[in-house]
Amino acid sequence: MTWTKLFAFTIVVFVAASGWSQVFIPEPPTLEAKSFVLMDAESKTVLAEGNAHLKLPPASLTKIMTDYVAAAEIEAERLRMDELVEVSINAWKTEGSEMFIREGTKVSVEDLLRGIIIQSGNDASVALAEHIAGDETEFAKIMNSYAKELALDNTHFVNATGLPHPEHLSTAYDNALLAQALISRFPSHYNMYSELEFTYNEITQPNRNRLLKIDPTVDGVKTGYTKEAGFCLVASAERNGLRLITVVMGTSNDQERINDTRKLLNYGFRYFERRLVAGTQNRFDLLHVKKGAGKGLRVHIKEDLYRLVPAGGDDGTSYQIHLPEPLDAPIKKDAVVGELIISIDDKEIARSDVHAMHEVKKINFFTEMWNGVKSWFSTVPKEEEVEGPQTITVSTTIVGEDDSES
């Protein structure tokens, strides 16, 4: 299968599965990478891919997990940023890219993390691994435990650096999931990935991710290279509230991985958007309340719901309220009375509890009797009462914060 046909297949499947088949989305760009993926960070929806589950050497993309473990240790208060780490001979002698730490010296965890994230230091990775787990082998076991927890099903770590080993493998898809977990779980920690340079031991090194200077919306995450792996790059960018994650693995040079990543980001941000499909300012039709005083019940949701949708498409949004049982007075204000179901082109995209905006009291005995009398003499056929669950299609309007409610 050619790359063009593969891309076409990927995007057609996505559009059809999402229920947006009427919205035209062109084929994704042709890339040079052996494996790649474009993912929405919020929903983890894959927007384009090619051999995304192919096991490949991840090179220094490994250090995303090395850092993830450290961030989890800090969160659990088993590790401090100002904690000092003694550099072993083993860490000092580690081959490959360096932070230039020296054997026998002590380095803070914070400096080691910047040495890992910004300078891609293998020496820093080994030093931190030894400090956390005793040695690199034991640290790799921790890495694999987190890989299992995050459902990185095709990833296996042997070391903390990404130096070549036949059993040290990962995939583009797994690296996207890992980056998504890092960004969502440790947002403050993730800020280090956007730093352009770091100086240690009077040696200043730039961030290996050149996209940080090329595209101001890119704020991470990590490059990687070995002869076996080729040039790799995990990147993330945010525009207009939409965050995308890209992974390219196995390109032949640095410029190719930059070009491939930019193509994926431009494609994703041009043809998809994060849209508010329903929110706290939506007001829905009044719901009938059995034996309730007043005209009915006004309901709302208490959170704004954003979803990934094709950009520029027709709205096609519909709203239904599912009631597990008929509404029966009395109803307290803020009570959960049902569930809002939001669909686009008949495809469900979101659900949310609906709450009573006001109290509905039960009509008194005399009012109930009078209503019965009116119903008896009325020429209008009496409406049959609905029993059991029901789903009601409703319309909605948007109101301002100062608008009053009945």
# chains A, B, ... in the order shown; residues from 1 in each chain; ligands from 1
>>> select_by_dssp(residues="range 171-402 of chain A", states="strand (DSSP E or B)", output="NGL selection string")
:A and (197-200 or 203-206 or 218-226 or 230-239 or 242-251 or 272-278 or 282-284 or 287 or 290 or 292 or 297 or 299-300 or 305-310 or 317-323 or 328 or 331 or 336-344 or 347-356 or 360 or 362 or 390-394 or 396-398)
>>> residues_around(residues="range 226-234 of chain A", least_positions_apart="4", cutoff="9 Å", atoms="only C-alpha atoms", output="PyMOL selection string")
chain A and resi 33+56-61+162-164+172+175-176+179+209+220-222+245-254+256-258+261
>>> residues_around(residues="range 82-89 of chain A", least_positions_apart="4", cutoff="8 Å", atoms="only C-alpha atoms", output="ChimeraX atom specification")
/A:93,101-110,127-128,131
>>> write_last_selection(atoms="N, CA and C atoms", output="short mmCIF file (atom, residue, chain, number, x, y, z; two decimals), in the first residue's frame")
data_model
loop_
_atom_site.label_atom_id
_atom_site.label_comp_id
_atom_site.auth_asym_id
_atom_site.auth_seq_id
_atom_site.Cartn_x
_atom_site.Cartn_y
_atom_site.Cartn_z
N LYS A 93 30.59 8.05 32.63
CA LYS A 93 31.16 7.42 31.45
C LYS A 93 30.13 7.08 30.37
N ILE A 101 28.17 16.36 33.32
CA ILE A 101 28.34 16.24 34.76
C ILE A 101 29.63 15.46 35.03
N ARG A 102 30.19 15.64 36.24
CA ARG A 102 31.48 15.02 36.56
C ARG A 102 31.32 13.99 37.68
N GLU A 103 32.03 12.90 37.56
CA GLU A 103 32.02 11.83 38.55
C GLU A 103 32.44 12.37 39.91
N GLY A 104 31.69 11.98 40.96
CA GLY A 104 32.01 12.40 42.31
C GLY A 104 31.38 13.70 42.74
N THR A 105 30.79 14.46 41.79
CA THR A 105 30.12 15.72 42.14
C THR A 105 28.66 15.45 42.47
N LYS A 106 28.01 16.45 43.04
CA LYS A 106 26.59 16.34 43.35
C LYS A 106 25.81 17.36 42.53
N VAL A 107 24.74 16.89 41.93
CA VAL A 107 23.92 17.73 41.04
C VAL A 107 22.48 17.67 41.51
N SER A 108 21.78 18.80 41.49
CA SER A 108 20.38 18.81 41.92
C SER A 108 19.50 18.07 40.92
N VAL A 109 18.40 17.54 41.42
CA VAL A 109 17.43 16.88 40.56
C VAL A 109 16.93 17.84 39.48
N GLU A 110 16.70 19.09 39.86
CA GLU A 110 16.21 20.08 38.90
C GLU A 110 17.19 20.27 37.75
N ALA A 127 22.38 9.05 35.84
CA ALA A 127 22.56 9.53 37.21
C ALA A 127 21.22 9.57 37.95
N LEU A 128 20.18 10.09 37.29
CA LEU A 128 18.88 10.18 37.94
C LEU A 128 18.26 8.79 38.12
N HIS A 131 19.84 7.16 41.07
CA HIS A 131 19.41 7.80 42.32
C HIS A 131 18.02 7.32 42.72
#
>>> residues_around(residues="Asn51 in chain A", least_positions_apart="6", cutoff="10 Å", atoms="only C-alpha atoms", output="list of chain:residue names")
A:Trp3, A:Leu6, A:Ala33, A:Lys34, A:Ser35, A:Phe36, A:Val37, A:Thr171, A:Ala172, A:Tyr173, A:Met249
>>> select_by_dssp(residues="range 202-355 of chain A", states="alpha helix (DSSP H)", output="list in words")
Leu211, Leu212, Lys213, Ile214, Asp254, Gln255, Glu256, Arg257, Ile258, Asn259, Asp260, Thr261, Arg262, Lys263, Leu264, Leu265, Asn266, Tyr267, Gly268, Phe269, Arg270 and Tyr271 of chain A
>>> write_last_selection(atoms="C-alpha atoms", output="PDB file, in the first residue's frame")
ATOM      1  CA  LEU A 211      10.664  23.692  16.242  1.00  0.00           C
ATOM      2  CA  LEU A 212      10.511  25.764  19.424  1.00  0.00           C
ATOM      3  CA  LYS A 213      12.128  28.621  17.510  1.00  0.00           C
ATOM      4  CA  ILE A 214      10.429  27.958  14.190  1.00  0.00           C
ATOM      5  CA  ASP A 254      16.959  16.543  11.201  1.00  0.00           C
ATOM      6  CA  GLN A 255      15.337  18.681   8.511  1.00  0.00           C
ATOM      7  CA  GLU A 256      13.093  15.821   7.403  1.00  0.00           C
ATOM      8  CA  ARG A 257      11.733  15.319  10.901  1.00  0.00           C
ATOM      9  CA  ILE A 258      11.094  19.065  11.145  1.00  0.00           C
ATOM     10  CA  ASN A 259       9.357  19.143   7.764  1.00  0.00           C
ATOM     11  CA  ASP A 260       7.225  16.078   8.495  1.00  0.00           C
ATOM     12  CA  THR A 261       6.147  17.459  11.861  1.00  0.00           C
ATOM     13  CA  ARG A 262       5.210  20.848  10.440  1.00  0.00           C
ATOM     14  CA  LYS A 263       3.156  19.183   7.702  1.00  0.00           C
ATOM     15  CA  LEU A 264       1.211  17.173  10.261  1.00  0.00           C
ATOM     16  CA  LEU A 265       0.609  20.169  12.532  1.00  0.00           C
ATOM     17  CA  ASN A 266      -0.508  22.401   9.671  1.00  0.00           C
ATOM     18  CA  TYR A 267      -2.857  19.694   8.425  1.00  0.00           C
ATOM     19  CA  GLY A 268      -4.364  19.065  11.844  1.00  0.00           C
ATOM     20  CA  PHE A 269      -4.933  22.702  12.758  1.00  0.00           C
ATOM     21  CA  ARG A 270      -6.324  23.592   9.322  1.00  0.00           C
ATOM     22  CA  TYR A 271      -8.911  20.817   9.062  1.00  0.00           C
TER      23      TYR A 271
END
>>> closest_residue(among="A:Asp304, A:Leu178, A:Val337, A:Pro29", to="Ala151 in chain A", atoms="only C-alpha atoms")
A:Leu178
>>> residues_around(residues="range 69-76 of chain A", least_positions_apart="2", cutoff="12 Å", atoms="only C-alpha atoms", output="PyMOL selection string")
chain A and resi 62-67+78-83+109-110+112-114+116-117+125+127-133+139-147+149+160+178+181-183+185-190+192
>>> decode(residues="range 21-51 of chain A", atoms="C-alpha atoms", output="compact mmCIF listing (two decimals), in the first residue's frame")
# COMPACT_ATOMS: atom_id res chain seq x y z
CA SER A 21 -18.97 12.02 6.26
CA GLN A 22 -20.55 15.11 4.63
CA VAL A 23 -17.59 17.30 5.60
CA PHE A 24 -14.80 17.21 3.02
CA ILE A 25 -11.36 16.64 4.50
CA PRO A 26 -8.44 16.16 2.09
CA GLU A 27 -5.86 13.43 2.36
CA PRO A 28 -3.08 14.09 4.89
CA PRO A 29 0.35 15.07 3.53
CA THR A 30 2.92 12.58 2.32
CA LEU A 31 5.78 12.12 4.80
CA GLU A 32 9.28 10.65 4.76
CA ALA A 33 9.12 9.05 8.22
CA LYS A 34 8.94 5.28 8.67
CA SER A 35 6.23 5.73 11.29
CA PHE A 36 4.14 8.68 12.42
CA VAL A 37 0.94 9.75 14.11
CA LEU A 38 -1.12 12.92 14.58
CA MET A 39 -3.24 12.88 17.74
CA ASP A 40 -5.71 15.20 19.45
CA ALA A 41 -4.34 15.61 22.98
CA GLU A 42 -7.72 15.98 24.68
CA SER A 43 -9.60 13.01 23.22
CA LYS A 44 -6.58 10.94 22.06
CA THR A 45 -8.29 10.73 18.66
CA VAL A 46 -5.85 9.78 15.88
CA LEU A 47 -6.28 12.19 12.95
CA ALA A 48 -3.62 10.68 10.68
CA GLU A 49 -1.14 7.85 10.94
CA GLY A 50 1.27 5.64 9.05
CA ASN A 51 2.65 2.45 10.59
